[in-house]
>>> print(open('input_12.txt').read())   # compact mmCIF, C-alpha atoms (C1' of nucleotides)
# COMPACT_ATOMS: atom_id res chain seq x y z
CA MET A 1 -108.45 -48.20 -62.13
CA ALA A 2 -111.18 -45.69 -62.82
CA ASP A 3 -111.27 -44.10 -59.40
CA GLN A 4 -113.18 -41.12 -60.69
CA LEU A 5 -116.94 -41.35 -60.34
CA ILE A 6 -117.45 -39.19 -63.43
CA ASP A 7 -115.35 -38.08 -66.38
CA GLU A 8 -115.05 -34.84 -68.30
CA THR A 9 -118.00 -35.67 -70.56
CA ASP A 10 -120.21 -36.44 -67.57
CA ARG A 11 -119.20 -33.08 -66.13
CA GLU A 12 -120.30 -31.34 -69.32
CA ILE A 13 -123.61 -33.17 -69.20
CA LEU A 14 -124.13 -32.11 -65.58
CA GLU A 15 -123.41 -28.50 -66.51
CA LEU A 16 -125.96 -28.64 -69.33
CA LEU A 17 -128.54 -30.16 -66.99
CA ARG A 18 -127.75 -27.54 -64.36
CA GLU A 19 -128.62 -24.84 -66.90
CA ASP A 20 -131.80 -26.60 -67.98
CA ALA A 21 -132.82 -29.93 -66.54
CA ARG A 22 -135.51 -30.39 -69.18
CA ARG A 23 -133.09 -30.47 -72.10
CA THR A 24 -133.71 -33.51 -74.27
CA LEU A 25 -131.16 -36.29 -74.52
CA GLY A 26 -130.76 -35.50 -78.20
CA ASP A 27 -129.96 -31.86 -77.51
CA ILE A 28 -127.40 -32.82 -74.87
CA GLY A 29 -125.93 -35.41 -77.20
CA ALA A 30 -125.46 -32.86 -79.96
CA ARG A 31 -123.61 -30.54 -77.57
CA VAL A 32 -121.24 -33.18 -76.20
CA THR A 33 -120.94 -35.07 -79.51
CA LEU A 34 -122.55 -38.28 -78.38
CA SER A 35 -125.62 -40.26 -79.43
CA THR A 36 -128.78 -39.95 -77.36
CA ALA A 37 -128.37 -43.55 -76.23
CA ALA A 38 -124.87 -42.83 -74.91
CA VAL A 39 -126.09 -39.73 -73.08
CA LYS A 40 -128.91 -41.72 -71.53
CA ARG A 41 -126.54 -44.39 -70.27
CA ARG A 42 -124.32 -41.77 -68.64
CA ILE A 43 -127.23 -39.99 -66.96
CA ASP A 44 -128.67 -43.31 -65.78
CA ARG A 45 -125.29 -44.21 -64.30
CA MET A 46 -125.00 -40.87 -62.50
CA GLN A 47 -128.46 -41.39 -61.03
CA GLU A 48 -127.52 -44.87 -59.81
CA ASN A 49 -124.24 -43.49 -58.47
CA GLY A 50 -126.13 -40.91 -56.51
CA VAL A 51 -124.19 -38.12 -58.19
CA ILE A 52 -127.50 -36.88 -59.58
CA VAL A 53 -129.88 -36.56 -56.65
CA GLY A 54 -132.89 -35.28 -58.54
CA TYR A 55 -134.35 -32.56 -60.71
CA THR A 56 -136.27 -29.55 -59.55
CA VAL A 57 -138.04 -26.44 -60.73
CA GLN A 58 -136.73 -22.98 -59.86
CA ILE A 59 -139.47 -20.69 -58.67
CA ASP A 60 -139.53 -16.90 -58.30
CA HIS A 61 -140.98 -16.78 -54.81
CA ALA A 62 -141.20 -12.99 -54.83
CA LYS A 63 -143.75 -13.27 -57.64
CA LEU A 64 -145.84 -15.48 -55.40
CA GLY A 65 -145.76 -12.93 -52.62
CA TRP A 66 -142.97 -14.45 -50.52
CA GLY A 67 -140.63 -11.55 -51.17
CA ILE A 68 -138.61 -11.43 -47.95
CA GLU A 69 -135.54 -13.53 -47.22
CA ALA A 70 -133.61 -13.73 -43.98
CA PHE A 71 -131.07 -15.81 -42.14
CA THR A 72 -131.60 -16.63 -38.51
CA GLU A 73 -128.67 -17.70 -36.40
CA LEU A 74 -129.69 -20.06 -33.61
CA ARG A 75 -127.92 -20.78 -30.34
CA PHE A 76 -129.05 -23.72 -28.23
CA THR A 77 -128.66 -25.01 -24.71
CA GLY A 78 -126.05 -27.71 -24.32
CA THR A 79 -128.67 -30.42 -24.04
CA THR A 80 -130.42 -29.64 -27.32
CA LYS A 81 -130.53 -32.43 -29.86
CA VAL A 82 -129.40 -30.85 -33.10
CA GLY A 83 -131.16 -33.47 -35.23
CA GLU A 84 -134.42 -32.51 -33.58
CA ILE A 85 -134.04 -28.86 -34.57
CA VAL A 86 -133.36 -29.82 -38.15
CA ARG A 87 -136.34 -32.14 -38.25
CA THR A 88 -138.87 -29.65 -36.89
CA THR A 89 -137.51 -26.67 -38.79
CA THR A 90 -137.54 -28.40 -42.13
CA ARG A 91 -141.26 -29.00 -41.70
CA MET A 92 -141.90 -25.26 -41.74
CA PRO A 93 -142.74 -24.04 -45.24
CA GLU A 94 -140.78 -20.86 -44.52
CA ALA A 95 -137.49 -22.75 -44.17
CA GLN A 96 -135.51 -22.84 -47.38
CA ALA A 97 -132.46 -24.47 -45.86
CA VAL A 98 -131.03 -25.40 -42.49
CA PHE A 99 -127.33 -25.59 -41.72
CA THR A 100 -125.86 -26.96 -38.53
CA ILE A 101 -122.66 -25.15 -37.69
CA ALA A 102 -119.46 -26.04 -35.86
CA GLY A 103 -118.91 -23.34 -33.27
CA ASP A 104 -121.03 -20.24 -32.83
CA PRO A 105 -123.86 -20.01 -33.83
CA ASP A 106 -125.10 -23.61 -33.62
CA ALA A 107 -127.32 -23.39 -36.68
CA LEU A 108 -128.25 -21.11 -39.53
CA VAL A 109 -131.75 -21.15 -41.00
CA TRP A 110 -132.50 -19.59 -44.37
CA LEU A 111 -136.08 -18.31 -44.30
CA ARG A 112 -138.42 -16.99 -46.94
CA VAL A 113 -141.58 -15.16 -45.82
CA ARG A 114 -144.39 -12.92 -47.05
CA ASP A 115 -143.77 -9.90 -44.82
CA MET A 116 -142.15 -8.78 -41.58
CA GLY A 117 -145.04 -9.96 -39.43
CA HIS A 118 -144.73 -13.36 -41.00
CA LEU A 119 -140.99 -13.32 -40.29
CA GLN A 120 -141.60 -12.51 -36.65
CA ARG A 121 -144.14 -15.30 -36.25
CA THR A 122 -141.79 -17.73 -37.97
CA ILE A 123 -138.88 -16.89 -35.67
CA ASP A 124 -141.19 -17.08 -32.65
CA GLU A 125 -142.27 -20.52 -33.75
CA ILE A 126 -138.69 -21.73 -34.04
CA ARG A 127 -137.94 -20.36 -30.55
CA ARG A 128 -141.07 -21.91 -29.09
CA HIS A 129 -140.26 -25.38 -30.28
CA HIS A 130 -136.71 -25.58 -29.02
CA GLN A 131 -134.44 -24.69 -26.18
CA VAL A 132 -133.04 -21.80 -28.11
CA THR A 133 -130.95 -19.50 -25.97
CA GLY A 134 -130.66 -16.80 -28.57
CA THR A 135 -131.35 -15.82 -32.14
CA LYS A 136 -129.97 -13.16 -34.42
CA THR A 137 -131.68 -12.46 -37.70
CA LEU A 138 -129.97 -11.11 -40.79
CA MET A 139 -132.22 -9.49 -43.38
CA VAL A 140 -131.30 -10.34 -46.95
CA LEU A 141 -131.28 -7.38 -49.34
CA ASP A 142 -130.43 -9.36 -52.43
CA SER A 143 -129.49 -12.92 -53.18
CA TRP A 144 -127.89 -14.91 -55.93
CA THR A 145 -127.68 -18.67 -56.03
CA ARG A 146 -125.75 -20.74 -58.51
CA GLY A 147 -127.80 -21.82 -61.47
CA GLN A 148 -130.57 -19.43 -60.67
CA GLN A 149 -130.26 -15.79 -61.48
CA TRP A 150 -132.80 -14.13 -59.24
CA PRO A 151 -135.01 -12.44 -61.83
CA LEU A 152 -134.60 -8.68 -61.92
CA ASP A 153 -138.34 -8.13 -61.69
CA GLY A 154 -139.22 -7.20 -65.21
CA ASP A 155 -142.86 -6.56 -64.34
CA MET B 156 -160.43 -9.75 -61.24
CA ALA B 157 -157.91 -12.52 -61.11
CA ASP B 158 -155.28 -10.77 -59.06
CA GLN B 159 -153.59 -14.03 -58.17
CA LEU B 160 -150.77 -15.03 -60.46
CA ILE B 161 -151.45 -18.72 -59.85
CA ASP B 162 -154.29 -20.79 -58.45
CA GLU B 163 -154.44 -23.86 -56.23
CA THR B 164 -153.98 -26.26 -59.16
CA ASP B 165 -150.90 -24.35 -60.35
CA ARG B 166 -149.54 -24.63 -56.84
CA GLU B 167 -149.99 -28.41 -56.92
CA ILE B 168 -148.23 -28.57 -60.27
CA LEU B 169 -145.32 -26.53 -58.89
CA GLU B 170 -145.06 -28.86 -55.91
CA LEU B 171 -144.94 -31.90 -58.20
CA LEU B 172 -142.27 -30.25 -60.36
CA ARG B 173 -140.31 -29.29 -57.26
CA GLU B 174 -140.19 -32.96 -56.31
CA ASP B 175 -139.21 -34.05 -59.81
CA ALA B 176 -138.87 -31.58 -62.63
CA ARG B 177 -138.66 -34.38 -65.20
CA ARG B 178 -142.15 -35.68 -64.50
CA THR B 179 -144.12 -36.03 -67.69
CA LEU B 180 -147.13 -33.83 -68.38
CA GLY B 181 -149.30 -36.92 -68.42
CA ASP B 182 -148.13 -37.99 -64.97
CA ILE B 183 -148.75 -34.51 -63.57
CA GLY B 184 -152.15 -34.42 -65.26
CA ALA B 185 -153.16 -37.71 -63.65
CA ARG B 186 -152.21 -36.39 -60.21
CA VAL B 187 -154.07 -33.09 -60.51
CA THR B 188 -156.95 -34.56 -62.56
CA LEU B 189 -156.26 -32.65 -65.75
CA SER B 190 -155.41 -33.55 -69.32
CA THR B 191 -151.81 -33.28 -70.45
CA ALA B 192 -152.74 -30.37 -72.73
CA ALA B 193 -154.24 -28.45 -69.81
CA VAL B 194 -151.17 -29.09 -67.68
CA LYS B 195 -148.95 -27.87 -70.50
CA ARG B 196 -150.90 -24.66 -70.87
CA ARG B 197 -150.58 -23.94 -67.15
CA ILE B 198 -146.85 -24.63 -67.11
CA ASP B 199 -146.31 -22.50 -70.21
CA ARG B 200 -148.20 -19.67 -68.57
CA MET B 201 -146.11 -19.89 -65.40
CA GLN B 202 -142.95 -19.76 -67.49
CA GLU B 203 -144.18 -16.66 -69.32
CA ASN B 204 -145.23 -15.15 -65.99
CA GLY B 205 -141.77 -15.66 -64.66
CA VAL B 206 -143.12 -17.71 -61.77
CA ILE B 207 -141.12 -20.64 -63.12
CA VAL B 208 -137.55 -19.42 -63.59
CA GLY B 209 -136.04 -22.66 -64.84
CA TYR B 210 -135.27 -26.28 -64.15
CA THR B 211 -132.09 -27.66 -62.69
CA VAL B 212 -130.39 -30.86 -61.62
CA GLN B 213 -129.55 -31.53 -58.00
CA ILE B 214 -126.04 -32.83 -57.56
CA ASP B 215 -124.41 -34.57 -54.61
CA HIS B 216 -121.26 -32.49 -54.50
CA ALA B 217 -119.71 -34.58 -51.75
CA LYS B 218 -119.67 -37.54 -54.14
CA LEU B 219 -117.63 -35.40 -56.54
CA GLY B 220 -115.11 -34.58 -53.86
CA TRP B 221 -116.42 -31.16 -52.86
CA GLY B 222 -117.45 -32.33 -49.42
CA ILE B 223 -116.94 -29.19 -47.33
CA GLU B 224 -119.47 -26.42 -46.94
CA ALA B 225 -119.01 -23.13 -45.14
CA PHE B 226 -120.52 -19.69 -44.76
CA THR B 227 -118.27 -16.67 -44.81
CA GLU B 228 -119.52 -13.41 -43.36
CA LEU B 229 -118.00 -10.38 -45.06
CA ARG B 230 -117.59 -6.86 -43.76
CA PHE B 231 -116.58 -4.10 -46.15
CA THR B 232 -115.28 -0.58 -46.03
CA GLY B 233 -117.90 2.11 -46.46
CA THR B 234 -116.84 2.80 -50.02
CA THR B 235 -117.24 -0.75 -51.28
CA LYS B 236 -119.70 -1.26 -54.11
CA VAL B 237 -121.83 -4.17 -53.04
CA GLY B 238 -122.80 -5.06 -56.60
CA GLU B 239 -119.12 -5.48 -57.39
CA ILE B 240 -118.65 -8.04 -54.63
CA VAL B 241 -121.59 -10.03 -55.86
CA ARG B 242 -120.33 -9.96 -59.43
CA THR B 243 -116.80 -11.15 -58.66
CA THR B 244 -117.85 -13.69 -56.06
CA THR B 245 -120.42 -15.34 -58.24
CA ARG B 246 -117.70 -16.04 -60.79
CA MET B 247 -115.91 -18.31 -58.32
CA PRO B 248 -116.94 -21.93 -58.76
CA GLU B 249 -116.76 -22.34 -54.98
CA ALA B 250 -119.61 -19.88 -54.41
CA GLN B 251 -122.97 -21.58 -54.10
CA ALA B 252 -124.85 -18.45 -53.16
CA VAL B 253 -124.22 -14.85 -52.17
CA PHE B 254 -126.50 -12.81 -49.93
CA THR B 255 -126.16 -9.11 -49.31
CA ILE B 256 -127.32 -8.26 -45.83
CA ALA B 257 -128.85 -5.22 -44.16
CA GLY B 258 -126.72 -4.49 -41.12
CA ASP B 259 -123.83 -6.55 -39.89
CA PRO B 260 -122.28 -8.49 -41.63
CA ASP B 261 -122.59 -6.85 -45.07
CA ALA B 262 -122.72 -10.11 -46.99
CA LEU B 263 -122.91 -13.84 -46.50
CA VAL B 264 -121.28 -16.22 -48.96
CA TRP B 265 -122.16 -19.91 -49.07
CA LEU B 266 -119.09 -21.84 -50.19
CA ARG B 267 -118.49 -25.42 -51.25
CA VAL B 268 -114.90 -26.67 -51.42
CA ARG B 269 -112.80 -29.82 -51.66
CA ASP B 270 -110.82 -29.48 -48.43
CA MET B 271 -109.65 -27.02 -45.81
CA GLY B 272 -106.72 -25.79 -47.88
CA HIS B 273 -109.11 -25.07 -50.69
CA LEU B 274 -111.36 -23.20 -48.28
CA GLN B 275 -108.47 -21.07 -47.09
CA ARG B 276 -107.43 -20.20 -50.63
CA THR B 277 -111.01 -19.36 -51.53
CA ILE B 278 -111.44 -17.00 -48.60
CA ASP B 279 -108.06 -15.43 -49.35
CA GLU B 280 -109.19 -14.82 -52.89
CA ILE B 281 -112.37 -13.11 -51.78
CA ARG B 282 -110.35 -10.90 -49.41
CA ARG B 283 -107.80 -10.11 -52.08
CA HIS B 284 -110.36 -8.86 -54.56
CA HIS B 285 -112.22 -6.51 -52.29
CA GLN B 286 -111.85 -3.96 -49.57
CA VAL B 287 -112.93 -6.47 -47.00
CA THR B 288 -112.35 -5.28 -43.47
CA GLY B 289 -113.12 -8.61 -41.89
CA THR B 290 -114.39 -12.12 -42.44
CA LYS B 291 -115.76 -14.77 -40.14
CA THR B 292 -116.22 -18.27 -41.45
CA LEU B 293 -118.79 -20.74 -40.18
CA MET B 294 -118.12 -24.40 -40.92
CA VAL B 295 -121.21 -26.36 -41.92
CA LEU B 296 -121.56 -29.75 -40.24
CA ASP B 297 -124.72 -30.77 -42.02
CA SER B 298 -127.14 -29.11 -44.38
CA TRP B 299 -130.62 -29.58 -45.65
CA THR B 300 -132.22 -27.59 -48.41
CA ARG B 301 -135.83 -27.70 -49.49
CA GLY B 302 -136.50 -30.12 -52.29
CA GLN B 303 -133.21 -31.82 -51.87
CA GLN B 304 -132.76 -34.34 -49.11
CA TRP B 305 -129.02 -34.51 -48.67
CA PRO B 306 -128.33 -38.17 -49.38
CA LEU B 307 -127.50 -40.15 -46.27
CA ASP B 308 -124.41 -41.60 -47.90
CA GLY B 309 -125.48 -45.13 -48.52
CA ASP B 310 -122.06 -46.11 -49.89
C1' DT C 311 -118.76 -48.13 -74.51
C1' DC C 312 -120.21 -46.49 -78.49
C1' DT C 313 -123.73 -46.01 -82.74
C1' DG C 314 -127.94 -46.63 -85.35
C1' DA C 315 -132.55 -48.21 -85.94
C1' DA C 316 -137.15 -49.44 -84.41
C1' DA C 317 -140.91 -49.37 -81.16
C1' DG C 318 -143.09 -47.25 -77.54
C1' DA C 319 -143.99 -42.83 -74.83
C1' DG C 320 -144.53 -38.23 -74.33
C1' DT C 321 -145.22 -33.54 -76.22
C1' DT C 322 -147.32 -30.21 -78.88
C1' DT C 323 -150.73 -28.18 -81.84
C1' DA C 324 -155.29 -27.54 -83.51
C1' DG C 325 -160.19 -27.70 -83.41
C1' DC C 326 -164.14 -27.70 -80.53
C1' DA C 327 -167.16 -27.58 -75.91
C1' DT D 328 -160.44 -23.04 -69.27
C1' DG D 329 -161.08 -27.41 -70.47
C1' DC D 330 -161.09 -31.77 -73.63
C1' DT D 331 -159.79 -35.09 -77.55
C1' DA D 332 -157.20 -36.44 -81.42
C1' DA D 333 -153.47 -36.38 -84.64
C1' DA D 334 -148.76 -35.19 -85.86
C1' DC D 335 -144.51 -34.88 -84.27
C1' DT D 336 -140.54 -35.48 -81.16
C1' DC D 337 -138.13 -37.81 -77.62
C1' DT D 338 -136.97 -41.88 -74.97
C1' DT D 339 -135.77 -46.42 -74.51
C1' DT D 340 -134.20 -50.83 -75.95
C1' DC D 341 -131.56 -53.89 -78.70
C1' DA D 342 -128.31 -55.62 -82.16
C1' DG D 343 -123.81 -54.92 -83.95
C1' DA D 344 -119.05 -52.81 -83.81
>>> encode(input="input_12.txt", output="structure tokens")
Amino acid sequence: MADQLIDETDREILELLREDARRTLGDIGARVTLSTAAVKRRIDRMQENGVIVGYTVQIDHAKLGWGIEAFTELRFTGTTKVGEIVRTTTRMPEAQAVFTIAGDPDALVWLRVRDMGHLQRTIDEIRRHHQVTGTKTLMVLDSWTRGQQWPLDGD
Amino acid sequence: MADQLIDETDREILELLREDARRTLGDIGARVTLSTAAVKRRIDRMQENGVIVGYTVQIDHAKLGWGIEAFTELRFTGTTKVGEIVRTTTRMPEAQAVFTIAGDPDALVWLRVRDMGHLQRTIDEIRRHHQVTGTKTLMVLDSWTRGQQWPLDGD
DNA sequence: TCTGAAAGAGTTTAGCA
DNA sequence: TGCTAAACTCTTTCAGA
């Protein structure tokens, strides 16, 4: 039985799409030695599988003036509904990601903001909306994320 | 003087590409009331600008068996070269992102692994390669990142 | 599950407002 | 900047192996 959701060729295709999601099927096919039709079938299957969730553009936020990144650790009262925090936080444009944590802290929020004043207002807003008993904010000096080399500001 | 790198229409185009980077130029054009040629020119410009860094596929790693996420806080000795940590860590397939931090801890590594044994080995490897004076690992219960709704496991 | 071919879409370039 | 139009490329489907 094929108990694997994807095979080695699918993995290669995913890697190529991770590097550049706008590659054409023909280009991918040439690299994995497959016809465009075969590549299409595999990608379609991975989308139906849910292995491929979607495709997105990678943006240099610093160029748009949102040059500051931070992590805020949140601690809640015992009665706080964690799902509620996630829901309200994810509506803030400053939130890049929200992680609920087992143990201490209770959650970690990755923020991106324009300046320090903006950071302060953002943290205040998170505190205002929830029964947060404490926050600790870590300022990010530099970041790297897989599949996206943070540009080295060649301006 | 046009001191803004992008205008409101560019912003709309970015938002549409963030939702689905494989949208066609014609589809984007219809949504922002522009011809496909005009949309193309704007996207080309944003790529040359460096505002658009690239395009990538969003993968459901849990479906591929890498279902565990964690953050590891790292503390180094005073003599540790931070750039070195980033370089070696980013080579590990388990590392999703690496953040260097001002203050304490010195760095935050976002890891994705298959199981707890794998997590342990990964953390051991990070410790082995560097003059790490201490680590603290936060287990992620649930995560959300912008532009990628973590699938609600409809299996 | 693959390939190859044909038809339909989408992209890209060029010329002009 | 924008538009339209034409040439070109890519995607998608289908028949056959």
>>> interface_residues(input="input_12.txt", of="chain A", to="chain B", cutoff="6 Å", atoms="only C-alpha atoms", output="list in words")
Leu17, Arg18, Asp20, Ala21, Val51, Ile52, Val53, Gly54, Tyr55, Thr56, Val57, Gln58, Ile59, Asp60, Gln96, Ala97, Val98, Phe99, Thr100, Ile101, Ala102, Met139, Val140, Leu141, Asp142, Ser143, Trp144, Thr145 and Arg146 of chain A
>>> atom_distance(input="input_12.txt", atom1="atom C1' of DA317 of chain C", atom2="atom C1' of DT340 of chain D")
8.6 Å
>>> axis_aligned_box(input="input_12.txt", around="segment 129-135 of chain A", padding_each_side="3 Å", output="AutoDock Vina command-line options")
--center_x -135.5 --center_y -20.7 --center_z -29.1 --size_x 15.6 --size_y 15.8 --size_z 12.2
>>> closest_residue(input="input_12.txt", among="A:Leu25, A:Leu111, A:Leu119, A:Ile13", to="chain D", atoms="only C-alpha atoms (C1' of nucleotides)")
A:Leu25
>>> closest_atom_pairs(input="input_12.txt", of="chain B", to="chain C", cutoff="9 Å", atoms="all atoms listed in the file", output="JSON lines")
{"residue": "B:Thr179", "atom": "CA", "partner": "C:DG320", "partner_atom": "C1'", "distance": 7.0}
{"residue": "B:Leu180", "atom": "CA", "partner": "C:DG320", "partner_atom": "C1'", "distance": 7.8}
{"residue": "B:Gly181", "atom": "CA", "partner": "C:DG320", "partner_atom": "C1'", "distance": 7.7}
{"residue": "B:Thr191", "atom": "CA", "partner": "C:DT321", "partner_atom": "C1'", "distance": 8.8}
{"residue": "B:Ala192", "atom": "CA", "partner": "C:DT322", "partner_atom": "C1'", "distance": 8.2}
{"residue": "B:Lys195", "atom": "CA", "partner": "C:DT322", "partner_atom": "C1'", "distance": 8.9}
>>> write_last_selection(input="input_12.txt", atoms="C-alpha atoms", output="compact mmCIF listing (two decimals), in the frame of the given file")
# COMPACT_ATOMS: atom_id res chain seq x y z
CA THR B 179 -144.12 -36.03 -67.69
CA LEU B 180 -147.13 -33.83 -68.38
CA GLY B 181 -149.30 -36.92 -68.42
CA THR B 191 -151.81 -33.28 -70.45
CA ALA B 192 -152.74 -30.37 -72.73
CA LYS B 195 -148.95 -27.87 -70.50
>>> residues_around(input="input_12.txt", residues="Ile281 of chain B", least_positions_apart="4", cutoff="10 Å", atoms="all atoms listed in the file", output="JSON, numbers by chain")
{"B": [227, 229, 240, 243, 244, 247, 264, 276, 277, 285, 286, 287, 290]}
>>> interface_residues(input="input_12.txt", of="chain D", to="chain B", cutoff="10 Å", atoms="all atoms listed in the file", output="ChimeraX atom specification")
/D:328-331
>>> atom_distance(input="input_12.txt", atom1="atom CA of Arg112 of chain A", atom2="atom CA of Gly67 of chain A")
7.2 Å
>>> atom_distance(input="input_12.txt", atom1="atom CA of Thr164 of chain B", atom2="atom CA of Val187 of chain B")
7.0 Å
